[in-house]
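Since the structure comes first, as structure tokens, the remarks are kept for the end.
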Amino acid sequence: MATNGLNGTAQGAVNGDSKPATHRFNPHFTQAVINATGPKASPRVRQVTSSLIQHLHDFARENEITVDEWMAGLELINEAGRMSTDRRNEGQLVCDVLGFESLVDEITYKLASDATDEPTSTAILGPFWRVDAPKFQMGECIVSGIESKGDRTWMHGKVTDFRTGEPIEGVCLDVWHTAPNGLYEQQDPDQPDMNLRGRFTTGKDGKYNFYCLRPVPYPIPFDGPAGKILQALDRHPFRPAHIHFIISAPGYKPIVTQIFDRNSKYIEDDAVFAVKDSLLVDFIPITSDPKADFELPYDFRLATFEDAAKR
Ligand code: BEZ
Ligand code: FE
């Protein structure tokens, strides 16, 4: 047997755990690749990469991936790279339709908490957040250059510490959502720059309120590899109506999240698997406010860094 294991056969062989090989391929190959990692690799890189190699090799053996199939997958990855710009992250979209962003979001933010209440659930960032959204005063409106069609919404609520229930001062709520045509402003030359985006800061009472629109379901961009994957899997590209937030405050772990219109189409089959029960909201029709057709109450709960570290 060559020391790198590349010439092994599966005949009567055992793997590193002394278990009989369960496949008909070289049983020493994967361990040889893992063992090639040098002594200066960091412990985390060693752990993650060794695991990745193991799972990739197991995946290839289990499905007997051929060279042609591997090349087709590579071409999708390369095409995603070629399509990506500062306005479009196709690699992220591919991960999204495979549920990967939602999974790492869950892993990152899972808290092992002994509190009865929970911090607000997180949800994926998606590719359409923009840095430096305009700052607004409470009660202002993030809509510009769009004619209202009975979808004007007054959103309001409070941000509290999930453990103490106390209001949090100085919380930045960074909000963004699509226009009624289903497009974010950076996808749509007809919308003013930074339309339907804004940042609001809470005072002592932790309260916030602003005007926006009731969002609509929309398709994620499907003219690239993510769309090809959806098509191959006989899936649609739509997301249910939602509003995005990043909620941050000094001393608290920021949360990236979305709230979803409970009555929206696609609420049961979001193309990117981001919907969570605790993030479902109700748009309540109102007639009392001449500036709004709906009221949308929603409270956010944050965890301090200390509480968030108890995972
Ligand atoms: C979004 O909600 O903005 C989004 C999330 C994942 C993929 C595409 C769009
Ligand atoms: Fe979105």
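In the structure tokens, chains take letters A, B, ... by order of appearance, with residues numbered from 1 within each chain and ligands from 1 in the order shown.
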Original post:
Within 7 Å of ligand 2, counting only C-alpha atoms and all ligand atoms, which protein or nucleic acid residues do you find, written as a PyMOL selection string?
Top reply: chain A and resi 126+128+177-178+242-244
Any chance you can output those residues with all heavy atoms as a PDB file, in the first residue's frame?
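In the end it all went to part18.pdb:
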```pdb
ATOM      1  N   GLY A 126     -30.337  37.579   3.249  1.00  0.00           N
ATOM      2  CA  GLY A 126     -30.623  37.728   1.822  1.00  0.00           C
ATOM      3  C   GLY A 126     -29.630  38.673   1.182  1.00  0.00           C
ATOM      4  O   GLY A 126     -28.815  39.303   1.867  1.00  0.00           O
ATOM      5  N   PHE A 128     -30.098  41.570  -0.496  1.00  0.00           N
ATOM      6  CA  PHE A 128     -30.524  42.928  -0.893  1.00  0.00           C
ATOM      7  C   PHE A 128     -30.372  44.000   0.178  1.00  0.00           C
ATOM      8  O   PHE A 128     -30.799  45.131  -0.026  1.00  0.00           O
ATOM      9  CB  PHE A 128     -31.970  42.887  -1.406  1.00  0.00           C
ATOM     10  CG  PHE A 128     -32.106  42.103  -2.678  1.00  0.00           C
ATOM     11  CD1 PHE A 128     -32.858  40.936  -2.715  1.00  0.00           C
ATOM     12  CD2 PHE A 128     -31.467  42.514  -3.838  1.00  0.00           C
ATOM     13  CE1 PHE A 128     -32.971  40.200  -3.880  1.00  0.00           C
ATOM     14  CE2 PHE A 128     -31.565  41.787  -5.008  1.00  0.00           C
ATOM     15  CZ  PHE A 128     -32.322  40.624  -5.029  1.00  0.00           C
ATOM     16  N   HIS A 177     -37.733  46.660   2.359  1.00  0.00           N
ATOM     17  CA  HIS A 177     -38.651  45.728   1.698  1.00  0.00           C
ATOM     18  C   HIS A 177     -38.834  46.107   0.228  1.00  0.00           C
ATOM     19  O   HIS A 177     -38.343  47.146  -0.216  1.00  0.00           O
ATOM     20  CB  HIS A 177     -39.979  45.607   2.453  1.00  0.00           C
ATOM     21  CG  HIS A 177     -40.874  46.808   2.417  1.00  0.00           C
ATOM     22  ND1 HIS A 177     -41.610  47.162   1.304  1.00  0.00           N
ATOM     23  CD2 HIS A 177     -41.169  47.735   3.361  1.00  0.00           C
ATOM     24  CE1 HIS A 177     -42.325  48.242   1.586  1.00  0.00           C
ATOM     25  NE2 HIS A 177     -42.058  48.616   2.824  1.00  0.00           N
ATOM     26  N   THR A 178     -39.523  45.252  -0.507  1.00  0.00           N
ATOM     27  CA  THR A 178     -39.676  45.493  -1.954  1.00  0.00           C
ATOM     28  C   THR A 178     -40.833  46.448  -2.237  1.00  0.00           C
ATOM     29  O   THR A 178     -41.735  46.630  -1.417  1.00  0.00           O
ATOM     30  CB  THR A 178     -39.996  44.189  -2.719  1.00  0.00           C
ATOM     31  OG1 THR A 178     -41.119  43.576  -2.084  1.00  0.00           O
ATOM     32  CG2 THR A 178     -38.832  43.246  -2.782  1.00  0.00           C
ATOM     33  N   HIS A 242     -42.717  39.834   2.906  1.00  0.00           N
ATOM     34  CA  HIS A 242     -41.956  39.983   4.151  1.00  0.00           C
ATOM     35  C   HIS A 242     -41.299  41.348   4.223  1.00  0.00           C
ATOM     36  O   HIS A 242     -41.129  42.024   3.209  1.00  0.00           O
ATOM     37  CB  HIS A 242     -40.886  38.891   4.263  1.00  0.00           C
ATOM     38  CG  HIS A 242     -39.910  38.926   3.132  1.00  0.00           C
ATOM     39  ND1 HIS A 242     -40.133  38.269   1.946  1.00  0.00           N
ATOM     40  CD2 HIS A 242     -38.723  39.578   2.983  1.00  0.00           C
ATOM     41  CE1 HIS A 242     -39.129  38.495   1.123  1.00  0.00           C
ATOM     42  NE2 HIS A 242     -38.259  39.292   1.719  1.00  0.00           N
ATOM     43  N   ILE A 243     -40.914  41.733   5.435  1.00  0.00           N
ATOM     44  CA  ILE A 243     -40.129  42.955   5.665  1.00  0.00           C
ATOM     45  C   ILE A 243     -38.868  42.537   6.415  1.00  0.00           C
ATOM     46  O   ILE A 243     -38.939  41.745   7.357  1.00  0.00           O
ATOM     47  CB  ILE A 243     -40.923  43.979   6.513  1.00  0.00           C
ATOM     48  CG1 ILE A 243     -42.264  44.311   5.843  1.00  0.00           C
ATOM     49  CG2 ILE A 243     -40.103  45.248   6.722  1.00  0.00           C
ATOM     50  CD1 ILE A 243     -43.153  45.263   6.663  1.00  0.00           C
ATOM     51  N   HIS A 244     -37.733  43.056   5.944  1.00  0.00           N
ATOM     52  CA  HIS A 244     -36.442  42.709   6.570  1.00  0.00           C
ATOM     53  C   HIS A 244     -36.066  43.709   7.660  1.00  0.00           C
ATOM     54  O   HIS A 244     -36.343  44.917   7.522  1.00  0.00           O
ATOM     55  CB  HIS A 244     -35.317  42.794   5.532  1.00  0.00           C
ATOM     56  CG  HIS A 244     -35.383  41.787   4.450  1.00  0.00           C
ATOM     57  ND1 HIS A 244     -34.670  40.614   4.488  1.00  0.00           N
ATOM     58  CD2 HIS A 244     -36.043  41.785   3.267  1.00  0.00           C
ATOM     59  CE1 HIS A 244     -34.890  39.934   3.381  1.00  0.00           C
ATOM     60  NE2 HIS A 244     -35.728  40.620   2.617  1.00  0.00           N
TER      61      HIS A 244
END
```
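By only C-alpha atoms, and with residues fewer than 4 positions from Asp151 of chain A along its chain excluded, the set lying at most 8 Å from it is Leu213, Arg214, Pro215, Ala292, Asp293 and Phe294 of chain A.
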Subject >> Protein and nucleic acid residues within 6 Å of ligand 1 (only C-alpha atoms and all ligand atoms) as a ChimeraX atom specification >> reply: /A:93,96,126-128,220,272
Selected residues written out, all heavy atoms, as a PDB file, in the first residue's frame:
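Listed below is the output, result31.pdb:
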```pdb
ATOM      1  N   LEU A  93     -27.449  33.238  -3.528  1.00  0.00           N
ATOM      2  CA  LEU A  93     -28.757  32.761  -4.010  1.00  0.00           C
ATOM      3  C   LEU A  93     -28.774  31.240  -4.139  1.00  0.00           C
ATOM      4  O   LEU A  93     -29.763  30.589  -3.796  1.00  0.00           O
ATOM      5  CB  LEU A  93     -29.074  33.372  -5.380  1.00  0.00           C
ATOM      6  CG  LEU A  93     -29.696  34.761  -5.429  1.00  0.00           C
ATOM      7  CD1 LEU A  93     -29.977  35.135  -6.877  1.00  0.00           C
ATOM      8  CD2 LEU A  93     -30.987  34.790  -4.625  1.00  0.00           C
ATOM      9  N   ASP A  96     -29.117  29.856  -0.873  1.00  0.00           N
ATOM     10  CA  ASP A  96     -30.463  30.101  -0.350  1.00  0.00           C
ATOM     11  C   ASP A  96     -31.467  29.067  -0.840  1.00  0.00           C
ATOM     12  O   ASP A  96     -32.276  28.557  -0.063  1.00  0.00           O
ATOM     13  CB  ASP A  96     -30.936  31.503  -0.744  1.00  0.00           C
ATOM     14  CG  ASP A  96     -30.224  32.581   0.061  1.00  0.00           C
ATOM     15  OD1 ASP A  96     -29.691  32.256   1.134  1.00  0.00           O
ATOM     16  OD2 ASP A  96     -30.184  33.732  -0.393  1.00  0.00           O
ATOM     17  N   GLY A 126     -30.337  37.579   3.249  1.00  0.00           N
ATOM     18  CA  GLY A 126     -30.623  37.728   1.822  1.00  0.00           C
ATOM     19  C   GLY A 126     -29.630  38.673   1.182  1.00  0.00           C
ATOM     20  O   GLY A 126     -28.815  39.303   1.867  1.00  0.00           O
ATOM     21  N   PRO A 127     -29.689  38.807  -0.140  1.00  0.00           N
ATOM     22  CA  PRO A 127     -28.657  39.576  -0.845  1.00  0.00           C
ATOM     23  C   PRO A 127     -28.988  41.051  -1.061  1.00  0.00           C
ATOM     24  O   PRO A 127     -28.228  41.746  -1.731  1.00  0.00           O
ATOM     25  CB  PRO A 127     -28.570  38.853  -2.194  1.00  0.00           C
ATOM     26  CG  PRO A 127     -29.927  38.277  -2.398  1.00  0.00           C
ATOM     27  CD  PRO A 127     -30.529  38.022  -1.040  1.00  0.00           C
ATOM     28  N   PHE A 128     -30.098  41.570  -0.496  1.00  0.00           N
ATOM     29  CA  PHE A 128     -30.524  42.928  -0.893  1.00  0.00           C
ATOM     30  C   PHE A 128     -30.372  44.000   0.178  1.00  0.00           C
ATOM     31  O   PHE A 128     -30.799  45.131  -0.026  1.00  0.00           O
ATOM     32  CB  PHE A 128     -31.970  42.887  -1.406  1.00  0.00           C
ATOM     33  CG  PHE A 128     -32.106  42.103  -2.678  1.00  0.00           C
ATOM     34  CD1 PHE A 128     -32.858  40.936  -2.715  1.00  0.00           C
ATOM     35  CD2 PHE A 128     -31.467  42.514  -3.838  1.00  0.00           C
ATOM     36  CE1 PHE A 128     -32.971  40.200  -3.880  1.00  0.00           C
ATOM     37  CE2 PHE A 128     -31.565  41.787  -5.008  1.00  0.00           C
ATOM     38  CZ  PHE A 128     -32.322  40.624  -5.029  1.00  0.00           C
ATOM     39  N   ILE A 220     -37.331  35.429  -6.317  1.00  0.00           N
ATOM     40  CA  ILE A 220     -35.901  35.734  -6.230  1.00  0.00           C
ATOM     41  C   ILE A 220     -35.356  35.688  -7.661  1.00  0.00           C
ATOM     42  O   ILE A 220     -35.966  35.059  -8.548  1.00  0.00           O
ATOM     43  CB  ILE A 220     -35.158  34.739  -5.313  1.00  0.00           C
ATOM     44  CG1 ILE A 220     -35.181  33.323  -5.893  1.00  0.00           C
ATOM     45  CG2 ILE A 220     -35.743  34.759  -3.911  1.00  0.00           C
ATOM     46  CD1 ILE A 220     -34.235  32.372  -5.174  1.00  0.00           C
ATOM     47  N   VAL A 272     -36.724  30.008  -0.186  1.00  0.00           N
ATOM     48  CA  VAL A 272     -35.436  29.972   0.521  1.00  0.00           C
ATOM     49  C   VAL A 272     -35.575  29.525   1.984  1.00  0.00           C
ATOM     50  O   VAL A 272     -34.665  29.709   2.782  1.00  0.00           O
ATOM     51  CB  VAL A 272     -34.694  31.330   0.420  1.00  0.00           C
ATOM     52  CG1 VAL A 272     -34.388  31.655  -1.033  1.00  0.00           C
ATOM     53  CG2 VAL A 272     -35.497  32.458   1.057  1.00  0.00           C
TER      54      VAL A 272
END
```
Subject >> Test item, helix (DSSP H, G or I) assignment across segment 47-282 of chain A, answer as JSON, numbers by chain >> reply: {"A": [47, 48, 49, 50, 51, 52, 53, 54, 55, 56, 57, 58, 59, 60, 61, 62, 63, 67, 68, 69, 70, 71, 72, 73, 74, 75, 76, 77, 78, 79, 80, 81, 82, 83, 90, 91, 92, 93, 94, 95, 96, 97, 100, 101, 102, 103, 104, 105, 106, 107, 108, 109, 185, 186, 187, 225, 226, 227, 228, 229, 230, 231, 232, 277, 278, 279]}
**OP:** Find the residues around Glu268 of chain A up to 10 Å (only C-alpha atoms counted), leave out those fewer than 5 positions away in its own chain, and share them as a PyMOL selection string.
**Re:** chain A and resi 239-240+262+273+275-276
Writing out the chosen residues with all heavy atoms as a compact mmCIF listing (two decimals), in the first residue's frame:
```txt
# COMPACT_ATOMS: atom_id res chain seq x y z
N ARG A 239 -40.87 34.08 -2.89
CA ARG A 239 -40.83 34.27 -1.45
C ARG A 239 -42.16 34.88 -1.01
O ARG A 239 -42.73 35.71 -1.72
CB ARG A 239 -39.72 35.27 -1.07
CG ARG A 239 -38.31 34.82 -1.47
CD ARG A 239 -37.33 35.25 -0.41
NE ARG A 239 -37.71 34.66 0.85
CZ ARG A 239 -37.48 35.20 2.05
NH1 ARG A 239 -36.84 36.34 2.14
NH2 ARG A 239 -37.87 34.59 3.15
N PRO A 240 -42.66 34.49 0.17
CA PRO A 240 -43.88 35.15 0.68
C PRO A 240 -43.56 36.60 1.04
O PRO A 240 -42.39 36.96 1.24
CB PRO A 240 -44.21 34.34 1.93
CG PRO A 240 -42.93 33.73 2.36
CD PRO A 240 -42.11 33.52 1.12
N ARG A 262 -48.78 36.74 7.46
CA ARG A 262 -49.38 35.42 7.68
C ARG A 262 -50.28 34.97 6.52
O ARG A 262 -50.41 33.79 6.23
CB ARG A 262 -50.22 35.48 8.96
CG ARG A 262 -50.75 34.18 9.47
CD ARG A 262 -51.72 34.39 10.63
NE ARG A 262 -51.20 35.22 11.68
CZ ARG A 262 -50.37 34.78 12.64
NH1 ARG A 262 -50.04 33.53 12.68
NH2 ARG A 262 -49.92 35.62 13.57
N PHE A 273 -36.74 28.95 2.34
CA PHE A 273 -36.91 28.24 3.62
C PHE A 273 -36.67 29.12 4.86
O PHE A 273 -36.07 28.67 5.83
CB PHE A 273 -35.98 27.03 3.68
CG PHE A 273 -36.09 26.12 2.48
CD1 PHE A 273 -35.19 26.20 1.44
CD2 PHE A 273 -37.13 25.20 2.40
CE1 PHE A 273 -35.30 25.38 0.32
CE2 PHE A 273 -37.24 24.36 1.29
CZ PHE A 273 -36.33 24.45 0.26
N VAL A 275 -39.15 31.06 6.58
CA VAL A 275 -40.32 31.40 7.42
C VAL A 275 -40.28 30.64 8.76
O VAL A 275 -39.99 29.45 8.79
CB VAL A 275 -41.63 31.06 6.68
CG1 VAL A 275 -42.84 31.37 7.56
CG2 VAL A 275 -41.71 31.81 5.37
N LYS A 276 -40.56 31.38 9.84
CA LYS A 276 -40.69 30.75 11.17
C LYS A 276 -42.00 31.23 11.77
O LYS A 276 -42.38 32.41 11.58
CB LYS A 276 -39.54 31.18 12.08
CG LYS A 276 -38.19 30.67 11.61
CD LYS A 276 -37.06 31.17 12.49
CE LYS A 276 -35.73 30.65 11.96
NZ LYS A 276 -34.57 31.31 12.57
```
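Nearest-residue note for Val131 of chain A: choosing from A:Trp176, A:Phe100, A:Tyr109, A:Tyr208, the minimum distance belongs to A:Trp176, counting only C-alpha atoms.
Counting only C-alpha atoms, Lys207 of chain A has the following residues at most 8 Å away, ignoring those fewer than 4 positions along the same chain: His156, Gly157, Lys158, Val159, Pro167, Thr202 and Gly203 of chain A.
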Atoms kept (N, CA and C atoms) for selection, written as a short mmCIF file (atom, residue, chain, number, x, y, z; two decimals), in the first residue's frame:
```
data_model
loop_
_atom_site.label_atom_id
_atom_site.label_comp_id
_atom_site.auth_asym_id
_atom_site.auth_seq_id
_atom_site.Cartn_x
_atom_site.Cartn_y
_atom_site.Cartn_z
N HIS A 156 -45.52 49.63 14.16
CA HIS A 156 -45.10 50.18 15.45
C HIS A 156 -44.89 49.07 16.46
N GLY A 157 -44.14 49.38 17.51
CA GLY A 157 -43.90 48.39 18.56
C GLY A 157 -42.83 48.87 19.50
N LYS A 158 -42.27 47.91 20.20
CA LYS A 158 -41.32 48.22 21.26
C LYS A 158 -40.17 47.23 21.16
N VAL A 159 -38.96 47.65 21.54
CA VAL A 159 -37.83 46.73 21.61
C VAL A 159 -37.44 46.57 23.09
N PRO A 167 -37.54 48.15 28.39
CA PRO A 167 -37.33 48.75 27.06
C PRO A 167 -35.85 49.07 26.83
N THR A 202 -34.50 54.11 18.65
CA THR A 202 -35.47 54.23 19.75
C THR A 202 -34.99 55.20 20.83
N GLY A 203 -35.94 55.81 21.53
CA GLY A 203 -35.64 56.63 22.71
C GLY A 203 -35.72 55.76 23.97
#
```
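Closest approach to Asp289 of chain A among A:Val97, A:Gly198, A:Trp154, A:Phe29: A:Trp154, based on only C-alpha atoms.
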Hey, what's within 12 Å of Val104 of chain A if we count only C-alpha atoms and toss same-chain stuff fewer than 4 positions away? As a PDB file with N, CA and C atoms, in the first residue's frame, please?
```pdb
ATOM      1  N   CYS A  95     -26.945  29.130  -2.458  1.00  0.00           N
ATOM      2  CA  CYS A  95     -27.043  28.602  -1.081  1.00  0.00           C
ATOM      3  C   CYS A  95     -28.468  28.728  -0.560  1.00  0.00           C
ATOM      4  N   ASP A  96     -29.117  29.856  -0.873  1.00  0.00           N
ATOM      5  CA  ASP A  96     -30.463  30.101  -0.350  1.00  0.00           C
ATOM      6  C   ASP A  96     -31.467  29.067  -0.840  1.00  0.00           C
ATOM      7  N   LEU A  98     -30.936  26.162  -1.662  1.00  0.00           N
ATOM      8  CA  LEU A  98     -30.617  24.856  -1.065  1.00  0.00           C
ATOM      9  C   LEU A  98     -30.812  24.868   0.457  1.00  0.00           C
ATOM     10  N   GLY A  99     -31.340  25.975   0.977  1.00  0.00           N
ATOM     11  CA  GLY A  99     -31.633  26.057   2.416  1.00  0.00           C
ATOM     12  C   GLY A  99     -30.403  26.297   3.281  1.00  0.00           C
ATOM     13  N   PHE A 100     -29.260  26.591   2.676  1.00  0.00           N
ATOM     14  CA  PHE A 100     -28.025  26.645   3.470  1.00  0.00           C
ATOM     15  C   PHE A 100     -27.921  27.916   4.307  1.00  0.00           C
ATOM     16  N   THR A 108     -26.160  29.669  13.978  1.00  0.00           N
ATOM     17  CA  THR A 108     -25.461  30.824  14.555  1.00  0.00           C
ATOM     18  C   THR A 108     -26.215  31.421  15.732  1.00  0.00           C
ATOM     19  N   TYR A 109     -27.531  31.457  15.633  1.00  0.00           N
ATOM     20  CA  TYR A 109     -28.300  32.214  16.626  1.00  0.00           C
ATOM     21  C   TYR A 109     -29.027  31.371  17.663  1.00  0.00           C
ATOM     22  N   LYS A 110     -28.816  30.047  17.609  1.00  0.00           N
ATOM     23  CA  LYS A 110     -29.531  29.201  18.576  1.00  0.00           C
ATOM     24  C   LYS A 110     -29.049  29.529  19.993  1.00  0.00           C
ATOM     25  N   THR A 122     -34.309  34.852  14.461  1.00  0.00           N
ATOM     26  CA  THR A 122     -33.589  35.439  13.324  1.00  0.00           C
ATOM     27  C   THR A 122     -34.111  34.825  12.031  1.00  0.00           C
ATOM     28  N   ALA A 123     -33.755  35.455  10.931  1.00  0.00           N
ATOM     29  CA  ALA A 123     -34.030  34.908   9.597  1.00  0.00           C
ATOM     30  C   ALA A 123     -32.936  35.430   8.683  1.00  0.00           C
ATOM     31  N   ILE A 124     -32.771  34.814   7.553  1.00  0.00           N
ATOM     32  CA  ILE A 124     -31.625  35.113   6.680  1.00  0.00           C
ATOM     33  C   ILE A 124     -31.577  36.585   6.254  1.00  0.00           C
ATOM     34  N   LEU A 125     -30.358  37.048   5.985  1.00  0.00           N
ATOM     35  CA  LEU A 125     -30.154  38.429   5.523  1.00  0.00           C
ATOM     36  C   LEU A 125     -30.613  38.586   4.073  1.00  0.00           C
ATOM     37  N   PHE A 273     -36.741  28.954   2.339  1.00  0.00           N
ATOM     38  CA  PHE A 273     -36.914  28.245   3.623  1.00  0.00           C
ATOM     39  C   PHE A 273     -36.666  29.124   4.858  1.00  0.00           C
ATOM     40  N   ALA A 274     -37.116  30.383   4.817  1.00  0.00           N
ATOM     41  CA  ALA A 274     -36.789  31.290   5.929  1.00  0.00           C
ATOM     42  C   ALA A 274     -37.945  31.522   6.909  1.00  0.00           C
TER      43      ALA A 274
END
```
Do you know which residues are at most 9 Å from Ile142 of chain A counting only C-alpha atoms, after dropping those on the same chain fewer than 4 positions away, and could you put them as an mmCIF file with all heavy atoms, in the first residue's frame?
```cif
data_model
loop_
_atom_site.group_PDB
_atom_site.id
_atom_site.type_symbol
_atom_site.label_atom_id
_atom_site.label_comp_id
_atom_site.auth_asym_id
_atom_site.auth_seq_id
_atom_site.Cartn_x
_atom_site.Cartn_y
_atom_site.Cartn_z
ATOM 1 N N PRO A 134 -30.968 55.506 4.661
ATOM 2 C CA PRO A 134 -31.210 56.831 5.232
ATOM 3 C C PRO A 134 -31.753 56.763 6.660
ATOM 4 O O PRO A 134 -32.512 55.847 6.989
ATOM 5 C CB PRO A 134 -32.245 57.450 4.289
ATOM 6 C CG PRO A 134 -32.682 56.374 3.368
ATOM 7 C CD PRO A 134 -31.714 55.248 3.438
ATOM 8 N N PHE A 136 -34.161 58.151 9.586
ATOM 9 C CA PHE A 136 -35.445 58.845 9.707
ATOM 10 C C PHE A 136 -35.756 59.115 11.173
ATOM 11 O O PHE A 136 -35.249 58.427 12.060
ATOM 12 C CB PHE A 136 -36.578 57.974 9.151
ATOM 13 C CG PHE A 136 -36.582 57.844 7.643
ATOM 14 C CD1 PHE A 136 -36.062 56.707 7.027
ATOM 15 C CD2 PHE A 136 -37.140 58.837 6.844
ATOM 16 C CE1 PHE A 136 -36.082 56.575 5.652
ATOM 17 C CE2 PHE A 136 -37.158 58.703 5.467
ATOM 18 C CZ PHE A 136 -36.628 57.574 4.867
ATOM 19 N N VAL A 175 -34.486 48.810 8.298
ATOM 20 C CA VAL A 175 -35.607 48.110 7.662
ATOM 21 C C VAL A 175 -35.523 48.232 6.146
ATOM 22 O O VAL A 175 -35.059 49.250 5.634
ATOM 23 C CB VAL A 175 -36.953 48.683 8.205
ATOM 24 C CG1 VAL A 175 -37.035 50.177 8.048
ATOM 25 C CG2 VAL A 175 -38.163 48.044 7.560
ATOM 26 N N TRP A 176 -35.945 47.178 5.433
ATOM 27 C CA TRP A 176 -36.031 47.271 3.968
ATOM 28 C C TRP A 176 -37.048 46.270 3.431
ATOM 29 O O TRP A 176 -37.246 45.207 4.004
ATOM 30 C CB TRP A 176 -34.667 47.095 3.288
ATOM 31 C CG TRP A 176 -34.006 45.746 3.342
ATOM 32 C CD1 TRP A 176 -33.912 44.816 2.346
ATOM 33 C CD2 TRP A 176 -33.272 45.172 4.451
ATOM 34 N NE1 TRP A 176 -33.183 43.710 2.757
ATOM 35 C CE2 TRP A 176 -32.776 43.911 4.042
ATOM 36 C CE3 TRP A 176 -32.996 45.591 5.759
ATOM 37 C CZ2 TRP A 176 -32.027 43.075 4.872
ATOM 38 C CZ3 TRP A 176 -32.249 44.760 6.601
ATOM 39 C CH2 TRP A 176 -31.782 43.527 6.147
ATOM 40 N N MET A 194 -32.359 54.153 -2.613
ATOM 41 C CA MET A 194 -32.640 53.904 -1.183
ATOM 42 C C MET A 194 -34.132 53.938 -0.853
ATOM 43 O O MET A 194 -34.508 54.060 0.328
ATOM 44 C CB MET A 194 -31.887 54.889 -0.277
ATOM 45 C CG MET A 194 -30.391 54.684 -0.265
ATOM 46 S SD MET A 194 -29.965 53.178 0.680
ATOM 47 C CE MET A 194 -28.170 53.282 0.649
ATOM 48 N N ASN A 195 -34.983 53.832 -1.868
ATOM 49 C CA ASN A 195 -36.418 53.775 -1.590
ATOM 50 C C ASN A 195 -36.741 52.544 -0.738
ATOM 51 O O ASN A 195 -36.137 51.488 -0.891
ATOM 52 C CB ASN A 195 -37.186 53.698 -2.909
ATOM 53 C CG ASN A 195 -38.687 53.829 -2.708
ATOM 54 O OD1 ASN A 195 -39.132 54.528 -1.791
ATOM 55 N ND2 ASN A 195 -39.465 53.176 -3.548
ATOM 56 N N LEU A 196 -37.701 52.688 0.149
ATOM 57 C CA LEU A 196 -38.202 51.584 0.979
ATOM 58 C C LEU A 196 -37.129 50.985 1.885
ATOM 59 O O LEU A 196 -37.097 49.781 2.149
ATOM 60 C CB LEU A 196 -38.845 50.498 0.089
ATOM 61 C CG LEU A 196 -40.052 51.000 -0.703
ATOM 62 C CD1 LEU A 196 -40.474 50.017 -1.767
ATOM 63 C CD2 LEU A 196 -41.214 51.303 0.235
ATOM 64 N N ARG A 197 -36.227 51.853 2.303
ATOM 65 C CA ARG A 197 -35.192 51.495 3.285
ATOM 66 C C ARG A 197 -35.109 52.627 4.295
ATOM 67 O O ARG A 197 -35.272 53.794 3.919
ATOM 68 C CB ARG A 197 -33.800 51.402 2.644
ATOM 69 C CG ARG A 197 -33.642 50.342 1.645
ATOM 70 C CD ARG A 197 -32.278 50.389 0.989
ATOM 71 N NE ARG A 197 -32.306 49.449 -0.109
ATOM 72 C CZ ARG A 197 -32.088 48.147 0.035
ATOM 73 N NH1 ARG A 197 -31.753 47.667 1.215
ATOM 74 N NH2 ARG A 197 -32.183 47.326 -0.999
ATOM 75 N N GLY A 198 -34.779 52.296 5.525
ATOM 76 C CA GLY A 198 -34.595 53.363 6.504
ATOM 77 C C GLY A 198 -34.041 52.838 7.803
ATOM 78 O O GLY A 198 -34.096 51.628 8.079
ATOM 79 N N PHE A 210 -43.206 53.759 12.246
ATOM 80 C CA PHE A 210 -42.910 54.367 10.940
ATOM 81 C C PHE A 210 -43.956 53.891 9.927
ATOM 82 O O PHE A 210 -44.720 52.948 10.201
ATOM 83 C CB PHE A 210 -41.500 53.999 10.461
ATOM 84 C CG PHE A 210 -41.271 52.522 10.258
ATOM 85 C CD1 PHE A 210 -41.549 51.906 9.047
ATOM 86 C CD2 PHE A 210 -40.766 51.738 11.301
ATOM 87 C CE1 PHE A 210 -41.336 50.541 8.864
ATOM 88 C CE2 PHE A 210 -40.553 50.375 11.128
ATOM 89 C CZ PHE A 210 -40.834 49.785 9.909
ATOM 90 N N TYR A 211 -43.955 54.554 8.784
ATOM 91 C CA TYR A 211 -44.859 54.153 7.700
ATOM 92 C C TYR A 211 -44.074 53.436 6.603
ATOM 93 O O TYR A 211 -42.964 53.844 6.246
ATOM 94 C CB TYR A 211 -45.567 55.377 7.117
ATOM 95 C CG TYR A 211 -46.564 55.987 8.064
ATOM 96 C CD1 TYR A 211 -46.198 56.981 8.959
ATOM 97 C CD2 TYR A 211 -47.891 55.541 8.074
ATOM 98 C CE1 TYR A 211 -47.106 57.531 9.847
ATOM 99 C CE2 TYR A 211 -48.818 56.094 8.962
ATOM 100 C CZ TYR A 211 -48.414 57.086 9.844
ATOM 101 O OH TYR A 211 -49.334 57.621 10.719
ATOM 102 N N CYS A 212 -44.688 52.360 6.085
ATOM 103 C CA CYS A 212 -44.083 51.634 4.972
ATOM 104 C C CYS A 212 -45.239 51.119 4.108
ATOM 105 O O CYS A 212 -46.341 51.668 4.171
ATOM 106 C CB CYS A 212 -43.215 50.481 5.484
ATOM 107 S SG CYS A 212 -44.116 49.264 6.478
ATOM 108 N N LEU A 213 -45.012 50.103 3.303
ATOM 109 C CA LEU A 213 -46.095 49.505 2.520
ATOM 110 C C LEU A 213 -46.325 48.071 2.980
ATOM 111 O O LEU A 213 -45.417 47.453 3.542
ATOM 112 C CB LEU A 213 -45.730 49.495 1.027
ATOM 113 C CG LEU A 213 -45.526 50.855 0.376
ATOM 114 C CD1 LEU A 213 -45.095 50.693 -1.085
ATOM 115 C CD2 LEU A 213 -46.794 51.709 0.464
#
```
Original post:
Near Ser264 of chain A, counting only C-alpha atoms, which residues have an atom at most 8 Å away, once you skip same-chain residues fewer than 6 positions from it, shown as a list of chain:residue names?
Top reply: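 In the requested form, the answer reads A:Val216, A:Pro217, A:Pro240, A:Ala241.
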**OP:** Give the strand (DSSP E or B) residues of segment 188-230 of chain A, as assigned by DSSP on the backbone, as a list in words.
**Re:**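 Listing strand (DSSP E or B) positions across segment 188-230 of chain A yields Arg197, Gly198, Arg199, Phe200, Thr201, Lys207, Tyr208, Asn209, Phe210, Tyr211, Cys212, Leu213, Tyr218 and Pro219 of chain A.
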